[in-house]
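*Asks:* To start, I am sharing the structure in question, which I have written as structure tokens.
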Amino acid sequence: MDTEAQHTERDPSSDTEDGSRSARVSEDTNDARDAGDTNGARDTRAAGDAADAADAGSTRSISSWRRTAFVGAACVTFLLLLSHFVMQPFLIPSRSMEPTLQVGDRILVNKLAYRFGSEPGRGDVVVFDGTGSFVREQPPGNPVTGLLHDGAAALGLAEPDETDFVKRVVGIGGDRVVCCDKNGRLTVNGVPVEERYVMFGDQPSSVPFDIVVPQDKLWVMGDHRSQSSDSRDHLGNPGGGMVPVDKVIGRADWIAWPFGRWSTVQGTDAFDAVPAAPAGGHGAAPHG
């Protein structure tokens, strides 16, 4: 029996197939490696893009905040300049000018009304600084608190200073104002005045007076006479209750708020018949 081992011969095609298989495995490995590198690059780029997007969003947020702050500051500055030179809102805190002005009204005061040579006239509703006439000089307070309050008051967000008042002009320089005549009416330069703006049920004045208004001064009264502390209450003070013309801040021309009361502050023809004060004055008239 032939016991010589038989050598198994491999078909040449098998070698070719093995080589091809190895080549394919190698290529697949390389492709996988390339794909991994590509995915890694994509992940890196994605992470970078996300970081860039976050930075861009943060930058836009900061830029938007700065823009909003700038616009807000510009608006506040504009309003403060407007209120200082042209038109200032005032909050009405009391009943002294009812029914013309009511508590809570925000009025717009025309600061240009008397700036170019004009002066307050009889019947005008004016806002003035009463320091030295209605109130005494006050010692200076906290400057920071005062500045904040002045800014809020200038925007109509706070009550005006305690030295600021709103009243109606009844007498101007040279006028003789008397209350009351035999029919209970106030007279100016001898002419009775029909004060239809006075609060219904109020007398023209429960305090009699007879005064002559000095030049460059004003005699002022509230429309709600029984609720108004005005020139009558300061007859015995220095200045006799008269308000210097140069202390007038402006004329109240509009009611801006509340919306339902949005209107002009109506003028009056009550003083149309009042003549000018005589050039030589009224002689020795009682004061108070």
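If you're wondering about the labels, chains in the structure tokens are A, B, ... by order shown, residues count from 1 in each chain, ligands from 1 in order shown.
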I'd like the contact shell of stretch 253-259 of chain A - 6 Å cut-off, only C-alpha atoms, skipping same-chain residues fewer than 3 positions apart - returned as a PyMOL selection string.
*Replies:* chain A and resi 105-109+262-265
*Asks:* I want to know what sits within 9 Å of A:Ile92, based on only C-alpha atoms, with residues of the same chain fewer than 6 positions away left out; could you give that as a compact mmCIF listing (two decimals) with C-alpha atoms, in the first residue's frame?
*Replies:*
# COMPACT_ATOMS: atom_id res chain seq x y z
CA LEU A 101 -57.30 120.93 37.45
CA GLN A 102 -57.92 117.81 39.48
CA VAL A 103 -55.75 115.72 41.78
CA GLY A 104 -53.60 113.37 39.71
CA ASP A 105 -53.74 115.45 36.53
CA ARG A 106 -50.45 115.75 34.69
CA ILE A 107 -50.23 119.12 33.04
CA GLU A 159 -44.87 115.33 42.75
CA PRO A 160 -43.23 118.70 42.13
CA VAL A 166 -49.94 126.25 40.38
*Asks:* Quick one: distance from atom CA of A:Pro214 to atom CA of A:Arg196 in Å, one decimal?
*Replies:*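 These two atoms are separated by 26.2 Å.
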*Asks:* Could you tell me, as a VMD selection string, which residues of stretch 120-287 of chain A DSSP assigns to helix (DSSP H, G or I) when given the backbone?
*Replies:* chain A and resid 143 to 154 225 to 227 231 to 234 245 to 247 259 to 261
*Asks:* May I ask which of the residues A:Ala276, A:Ala69, A:Val135, A:Cys180 is the closest one to A:Pro238, counting only C-alpha atoms?
*Replies:*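 The closest residue to A:Pro238 is A:Val135.
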*Asks:* How far is it from atom CA of A:Asn183 to atom CA of A:His224, in Å with one decimal?
*Replies:*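 Distance between the two atoms: 19.4 Å.
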*Asks:* Which is closest to A:Met221 among A:Val198, A:Val193, A:Val71, A:Met87, if we use only C-alpha atoms?
*Replies:*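 For A:Met221, the nearest of the candidates is A:Val198.
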